[in-house]
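A short write-up of the structure that comes next.
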Amino acid sequence: MEESMVMEGEDVAVPSVSDAQEMPPSVESAQVAVPRPRLYRTRQLLDGVPEAEVIKLYRLSSHAIYALYDILEPDLEPRVATNHAVPGLAKLLASLHFFASGRFQPTVSLIAGFSQATFSRSLFQVLTALRKHTTDFIKFPQSDSEWREIKSDFFSIAGMPNVLGALDCMHVALTTPRQNAECFRNRRDFHSLNVQMVSDANQRILNVVVGFPGSTHDSYILRQSALFRQIEEGSVPYGWLLGDTGYRSRTWLLTPLSEPVTAAEQSYQSAHAATRGVVETTFAALKSRFRCLDRSGGALLYSPSKVCDITIACCILHNICVANNLTVEIHPSVYQEEDLSPVVVDTRDLGGQVRRRVIEDYFSSSLPPS
């Protein structure tokens, strides 16, 4: 006889048929739900991409991209080592392509290989990282020899002496802001930021001022800028900037004559226009490189503060292109801005006196323009 496995005194519950049906299945019969693996599109990096294609997609050469990444790496690399964290270089490349193409985020995120939400976060990181290095890439010369080189480069254009830079403003279109929308509506009847820049003779951006709404007059931006205070306090060498008729002449700012009459005045006027035109060419090159800034590609769908960061980033990248001798063809659809700023009438004579002395000293012996 088989021994009973029940000890004396124990109550044994014998399961009924209905109870057995409610009991959990055995390990052998259980079906374990296996989660579907997350799918990640291949993130395109630079390996194996022809150099011409790299420049077309990102505007920078491979060498320039890697050099920039070395600087930004601490701010871009994931802090947590996971299998699916977005590499810092992928964040940079996606942002560069957005700047270059001007395409909206869904298209860029598809090309880059990660979601729109991920791209949006990556773009914010890249903008923040670049902003930290603004003064490393956008700055006035630091030595007398550099200033002499700038003056020499300007003089070689049309004989304008002692030119420190060409000054002007450009508009960056943005979507209608939620607050103070009418302040951002400019004289061309679209919403924008009015961005002040100073460039050298080689299209390098020496100074940039962002943050002013599109309705702000160019001369007001200059007066409110740190650049104005620097020059007034004598923090830059002897010389002058060149500005258009939207500015008032100052001892350090030469503007065109309202009505040139003599041969010397006409020579000055011609030389001034040719030399100051460098900054307009800089605007065209900047917007051709980075189509996100150009109105022909539509308005940027961001807040004014975010558009400021994008503008600064593109100026930094433009200077990197110039430093690496990367040329750009002016795109035919780049929006050409016609200056609609009211002419500023001089109320002081000091600026006019300096301009008169320049005309007499450097253009009075010139032949009349043909």
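Ordering of the structure tokens sets the chain letters (A, B, ...); residue numbers start at 1 within each chain; ligands are numbered from 1 in the order shown.
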*asked:* I'd like the contact shell of region 176-183 of chain A - 10 Å cut-off, only C-alpha atoms, skipping same-chain residues fewer than 3 positions apart - returned as a PyMOL selection string.
replied: chain A and resi 173+186+189-193+212-216+299-304
*DSSP says strand (DSSP E) for which residues of region 120-365 of chain A? Put them as a ChimeraX atom specification?*
/A:163-173,192-199,205-213,240-242,253-254
For the selection just defined, write its residues with N, CA and C atoms to a file, as a compact mmCIF listing (two decimals), in the first residue's frame.
# COMPACT_ATOMS: atom_id res chain seq x y z
N VAL A 163 39.41 101.93 -43.02
CA VAL A 163 38.08 101.35 -42.78
C VAL A 163 38.21 100.16 -41.84
N LEU A 164 37.44 100.21 -40.74
CA LEU A 164 37.46 99.15 -39.75
C LEU A 164 36.42 98.07 -40.03
N GLY A 165 35.37 98.42 -40.76
CA GLY A 165 34.32 97.45 -41.04
C GLY A 165 33.17 98.10 -41.79
N ALA A 166 32.35 97.27 -42.42
CA ALA A 166 31.15 97.72 -43.11
C ALA A 166 29.94 97.36 -42.27
N LEU A 167 29.07 98.32 -42.05
CA LEU A 167 27.95 98.18 -41.11
C LEU A 167 26.62 98.22 -41.83
N ASP A 168 25.71 97.32 -41.45
CA ASP A 168 24.35 97.35 -41.98
C ASP A 168 23.49 96.39 -41.17
N CYS A 169 22.19 96.39 -41.48
CA CYS A 169 21.24 95.49 -40.82
C CYS A 169 20.55 94.63 -41.87
N MET A 170 20.17 93.43 -41.48
CA MET A 170 19.39 92.54 -42.34
C MET A 170 18.20 92.00 -41.55
N HIS A 171 17.17 91.57 -42.26
CA HIS A 171 15.97 91.04 -41.61
C HIS A 171 15.93 89.52 -41.72
N VAL A 172 15.57 88.88 -40.63
CA VAL A 172 15.36 87.43 -40.59
C VAL A 172 13.88 87.20 -40.30
N ALA A 173 13.18 86.64 -41.26
CA ALA A 173 11.73 86.47 -41.14
C ALA A 173 11.39 85.39 -40.11
N SER A 192 9.74 90.06 -38.52
CA SER A 192 11.17 89.73 -38.61
C SER A 192 11.92 90.22 -37.38
N LEU A 193 13.15 89.76 -37.29
CA LEU A 193 14.15 90.38 -36.42
C LEU A 193 15.02 91.28 -37.30
N ASN A 194 15.42 92.42 -36.76
CA ASN A 194 16.36 93.29 -37.47
C ASN A 194 17.74 93.07 -36.84
N VAL A 195 18.65 92.50 -37.62
CA VAL A 195 19.94 92.03 -37.11
C VAL A 195 21.05 92.92 -37.65
N GLN A 196 21.80 93.52 -36.75
CA GLN A 196 22.92 94.39 -37.13
C GLN A 196 24.21 93.60 -37.22
N MET A 197 24.99 93.87 -38.27
CA MET A 197 26.28 93.19 -38.44
C MET A 197 27.35 94.15 -38.93
N VAL A 198 28.57 93.81 -38.59
CA VAL A 198 29.76 94.46 -39.14
C VAL A 198 30.61 93.37 -39.77
N SER A 199 31.01 93.57 -41.02
CA SER A 199 31.85 92.57 -41.70
C SER A 199 33.15 93.20 -42.15
N ILE A 205 32.28 88.01 -40.40
CA ILE A 205 31.43 88.79 -39.49
C ILE A 205 32.23 89.12 -38.24
N LEU A 206 32.39 90.41 -37.97
CA LEU A 206 33.17 90.87 -36.84
C LEU A 206 32.31 91.17 -35.62
N ASN A 207 31.06 91.50 -35.86
CA ASN A 207 30.18 91.88 -34.76
C ASN A 207 28.75 91.64 -35.21
N VAL A 208 27.91 91.16 -34.30
CA VAL A 208 26.50 90.93 -34.61
C VAL A 208 25.67 91.31 -33.40
N VAL A 209 24.53 91.95 -33.66
CA VAL A 209 23.58 92.34 -32.61
C VAL A 209 22.22 91.78 -32.99
N VAL A 210 21.68 90.92 -32.14
CA VAL A 210 20.38 90.30 -32.41
C VAL A 210 19.41 90.68 -31.30
N GLY A 211 18.12 90.46 -31.56
CA GLY A 211 17.12 90.66 -30.52
C GLY A 211 16.18 91.81 -30.74
N PHE A 212 16.45 92.66 -31.72
CA PHE A 212 15.59 93.81 -31.95
C PHE A 212 14.48 93.45 -32.94
N PRO A 213 13.25 93.86 -32.66
CA PRO A 213 12.14 93.57 -33.59
C PRO A 213 12.33 94.23 -34.94
N TRP A 240 37.23 104.19 -39.17
CA TRP A 240 35.79 104.38 -39.20
C TRP A 240 35.09 103.18 -39.83
N LEU A 241 33.83 103.08 -39.44
CA LEU A 241 32.94 102.14 -40.10
C LEU A 241 32.28 102.84 -41.27
N LEU A 242 31.75 102.05 -42.20
CA LEU A 242 31.00 102.59 -43.33
C LEU A 242 29.54 102.18 -43.18
N LEU A 253 32.04 107.04 -38.21
CA LEU A 253 31.09 106.41 -39.13
C LEU A 253 30.89 107.28 -40.36
N LEU A 254 31.35 106.80 -41.49
CA LEU A 254 31.21 107.55 -42.74
C LEU A 254 29.97 107.07 -43.49
*Just list the residues in region 166-342 of chain A DSSP gives helix (DSSP H, G or I) on the backbone, as number ranges by chain.*
A: 181-184, 218-224, 226-232, 263-289, 291-293, 295-297, 304-323
*Skip region 51-65 of chain A itself and residues of its chain fewer than 5 positions away, then list as a ChimeraX atom specification all residues within 6 Å of it, counting only C-alpha atoms.*
/A:96-97,100
Output the selection as a PDB file, in the first residue's frame - N, CA, C and O atoms for each residue.
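Output saved as result_36.pdb:
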ATOM      1  N   LEU A  96      23.110  71.072 -38.539  1.00  0.00           N
ATOM      2  CA  LEU A  96      23.759  71.708 -39.680  1.00  0.00           C
ATOM      3  C   LEU A  96      22.914  71.577 -40.937  1.00  0.00           C
ATOM      4  O   LEU A  96      22.799  72.529 -41.723  1.00  0.00           O
ATOM      5  N   HIS A  97      22.312  70.417 -41.125  1.00  0.00           N
ATOM      6  CA  HIS A  97      21.480  70.229 -42.312  1.00  0.00           C
ATOM      7  C   HIS A  97      20.229  71.100 -42.255  1.00  0.00           C
ATOM      8  O   HIS A  97      19.780  71.619 -43.274  1.00  0.00           O
ATOM      9  N   ALA A 100      21.325  74.590 -43.163  1.00  0.00           N
ATOM     10  CA  ALA A 100      21.690  74.683 -44.577  1.00  0.00           C
ATOM     11  C   ALA A 100      20.485  74.608 -45.497  1.00  0.00           C
ATOM     12  O   ALA A 100      20.403  75.333 -46.493  1.00  0.00           O
TER      13      ALA A 100
END
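All residues of protein, DNA or RNA that reach within 9 Å of Asp349 (chain A), judged by only C-alpha atoms and not counting those fewer than 3 positions away in the chain, are Ser249, Arg250, Asp346, Gly352, Gln353 and Val354 of chain A.
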_Would you pick out the contacts of region 137-154 of chain A at 9 Å or less, using only C-alpha atoms, so that residues sharing its chain but fewer than 4 positions from it are not included, and give the list as a PyMOL selection string?_
chain A and resi 133+158-165+200-202+204-208+236-237+239+275+315-317+319-320
Take the selection from the previous step and output its residues with N, CA, C and O atoms, as an mmCIF file, in the first residue's frame.
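Everything below was put into again07.cif:
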data_model
loop_
_atom_site.group_PDB
_atom_site.id
_atom_site.type_symbol
_atom_site.label_atom_id
_atom_site.label_comp_id
_atom_site.auth_asym_id
_atom_site.auth_seq_id
_atom_site.Cartn_x
_atom_site.Cartn_y
_atom_site.Cartn_z
ATOM 1 N N HIS A 133 30.155 79.797 -27.412
ATOM 2 C CA HIS A 133 31.428 80.090 -28.092
ATOM 3 C C HIS A 133 31.299 81.262 -29.065
ATOM 4 O O HIS A 133 32.136 81.404 -29.962
ATOM 5 N N ALA A 158 38.525 99.946 -53.180
ATOM 6 C CA ALA A 158 38.256 101.174 -53.936
ATOM 7 C C ALA A 158 38.977 102.389 -53.379
ATOM 8 O O ALA A 158 38.594 103.517 -53.680
ATOM 9 N N GLY A 159 40.013 102.152 -52.562
ATOM 10 C CA GLY A 159 40.802 103.279 -52.074
ATOM 11 C C GLY A 159 40.231 103.982 -50.857
ATOM 12 O O GLY A 159 40.670 105.095 -50.533
ATOM 13 N N MET A 160 39.285 103.373 -50.139
ATOM 14 C CA MET A 160 38.786 103.981 -48.900
ATOM 15 C C MET A 160 39.779 103.708 -47.785
ATOM 16 O O MET A 160 40.104 102.548 -47.497
ATOM 17 N N PRO A 161 40.276 104.755 -47.119
ATOM 18 C CA PRO A 161 41.319 104.564 -46.111
ATOM 19 C C PRO A 161 40.754 104.269 -44.721
ATOM 20 O O PRO A 161 39.645 104.681 -44.378
ATOM 21 N N ASN A 162 41.544 103.560 -43.921
ATOM 22 C CA ASN A 162 41.283 103.370 -42.494
ATOM 23 C C ASN A 162 39.896 102.805 -42.181
ATOM 24 O O ASN A 162 39.278 103.162 -41.177
ATOM 25 N N VAL A 163 39.406 101.932 -43.017
ATOM 26 C CA VAL A 163 38.081 101.350 -42.780
ATOM 27 C C VAL A 163 38.214 100.162 -41.839
ATOM 28 O O VAL A 163 38.973 99.228 -42.091
ATOM 29 N N LEU A 164 37.443 100.208 -40.742
ATOM 30 C CA LEU A 164 37.464 99.145 -39.747
ATOM 31 C C LEU A 164 36.420 98.071 -40.028
ATOM 32 O O LEU A 164 36.555 96.940 -39.555
ATOM 33 N N GLY A 165 35.371 98.418 -40.764
ATOM 34 C CA GLY A 165 34.322 97.453 -41.042
ATOM 35 C C GLY A 165 33.175 98.100 -41.787
ATOM 36 O O GLY A 165 33.032 99.331 -41.806
ATOM 37 N N ASP A 200 34.142 92.353 -42.386
ATOM 38 C CA ASP A 200 35.387 92.840 -42.960
ATOM 39 C C ASP A 200 35.334 92.689 -44.477
ATOM 40 O O ASP A 200 34.301 92.310 -45.046
ATOM 41 N N ALA A 201 36.418 92.963 -45.143
ATOM 42 C CA ALA A 201 36.432 92.956 -46.603
ATOM 43 C C ALA A 201 36.337 91.554 -47.178
ATOM 44 O O ALA A 201 36.072 91.396 -48.374
ATOM 45 N N ASN A 202 36.534 90.526 -46.336
ATOM 46 C CA ASN A 202 36.493 89.142 -46.797
ATOM 47 C C ASN A 202 35.230 88.417 -46.355
ATOM 48 O O ASN A 202 35.197 87.192 -46.308
ATOM 49 N N ARG A 204 33.917 88.198 -43.477
ATOM 50 C CA ARG A 204 33.934 87.653 -42.117
ATOM 51 C C ARG A 204 33.145 88.579 -41.204
ATOM 52 O O ARG A 204 33.316 89.800 -41.240
ATOM 53 N N ILE A 205 32.276 88.006 -40.399
ATOM 54 C CA ILE A 205 31.433 88.790 -39.494
ATOM 55 C C ILE A 205 32.229 89.124 -38.242
ATOM 56 O O ILE A 205 32.689 88.224 -37.518
ATOM 57 N N LEU A 206 32.386 90.411 -37.975
ATOM 58 C CA LEU A 206 33.170 90.869 -36.836
ATOM 59 C C LEU A 206 32.311 91.173 -35.625
ATOM 60 O O LEU A 206 32.798 91.127 -34.489
ATOM 61 N N ASN A 207 31.064 91.501 -35.856
ATOM 62 C CA ASN A 207 30.178 91.876 -34.762
ATOM 63 C C ASN A 207 28.747 91.640 -35.208
ATOM 64 O O ASN A 207 28.400 91.883 -36.368
ATOM 65 N N VAL A 208 27.911 91.157 -34.297
ATOM 66 C CA VAL A 208 26.505 90.929 -34.609
ATOM 67 C C VAL A 208 25.667 91.310 -33.400
ATOM 68 O O VAL A 208 26.043 91.051 -32.256
ATOM 69 N N VAL A 236 38.509 100.877 -29.875
ATOM 70 C CA VAL A 236 38.979 100.370 -31.165
ATOM 71 C C VAL A 236 39.977 101.364 -31.736
ATOM 72 O O VAL A 236 39.988 102.542 -31.363
ATOM 73 N N PRO A 237 40.834 100.944 -32.657
ATOM 74 C CA PRO A 237 41.844 101.840 -33.217
ATOM 75 C C PRO A 237 41.229 102.980 -34.025
ATOM 76 O O PRO A 237 40.030 102.997 -34.307
ATOM 77 N N GLY A 239 40.049 105.006 -37.011
ATOM 78 C CA GLY A 239 39.455 104.595 -38.276
ATOM 79 C C GLY A 239 37.954 104.776 -38.221
ATOM 80 O O GLY A 239 37.429 105.434 -37.313
ATOM 81 N N THR A 275 32.873 99.853 -51.375
ATOM 82 C CA THR A 275 33.484 99.285 -50.171
ATOM 83 C C THR A 275 32.428 98.817 -49.181
ATOM 84 O O THR A 275 32.512 97.717 -48.633
ATOM 85 N N CYS A 315 25.779 82.651 -38.010
ATOM 86 C CA CYS A 315 26.903 83.588 -38.150
ATOM 87 C C CYS A 315 28.217 82.927 -37.742
ATOM 88 O O CYS A 315 29.251 83.125 -38.395
ATOM 89 N N ILE A 316 28.185 82.147 -36.678
ATOM 90 C CA ILE A 316 29.380 81.406 -36.259
ATOM 91 C C ILE A 316 29.818 80.438 -37.354
ATOM 92 O O ILE A 316 30.999 80.383 -37.732
ATOM 93 N N LEU A 317 28.864 79.695 -37.884
ATOM 94 C CA LEU A 317 29.184 78.713 -38.924
ATOM 95 C C LEU A 317 29.668 79.395 -40.195
ATOM 96 O O LEU A 317 30.560 78.880 -40.888
ATOM 97 N N ASN A 319 31.406 82.153 -40.345
ATOM 98 C CA ASN A 319 32.812 82.516 -40.122
ATOM 99 C C ASN A 319 33.730 81.304 -40.198
ATOM 100 O O ASN A 319 34.883 81.410 -40.638
ATOM 101 N N ILE A 320 33.244 80.149 -39.769
ATOM 102 C CA ILE A 320 34.037 78.929 -39.902
ATOM 103 C C ILE A 320 34.246 78.609 -41.376
ATOM 104 O O ILE A 320 35.347 78.198 -41.787
#
_Best match for closeness to Tyr362 (chain A) among A:Ser219, A:Tyr69, A:Leu257, A:Phe155, counting only C-alpha atoms_ =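 Once distances to Tyr362 (chain A) are computed over only C-alpha atoms, the minimum belongs to A:Phe155.
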*Residue nearest Glu360 (chain A) among A:Ser267, A:Ser122, A:Asn325, A:Thr281 (counting only C-alpha atoms)*: A:Ser267
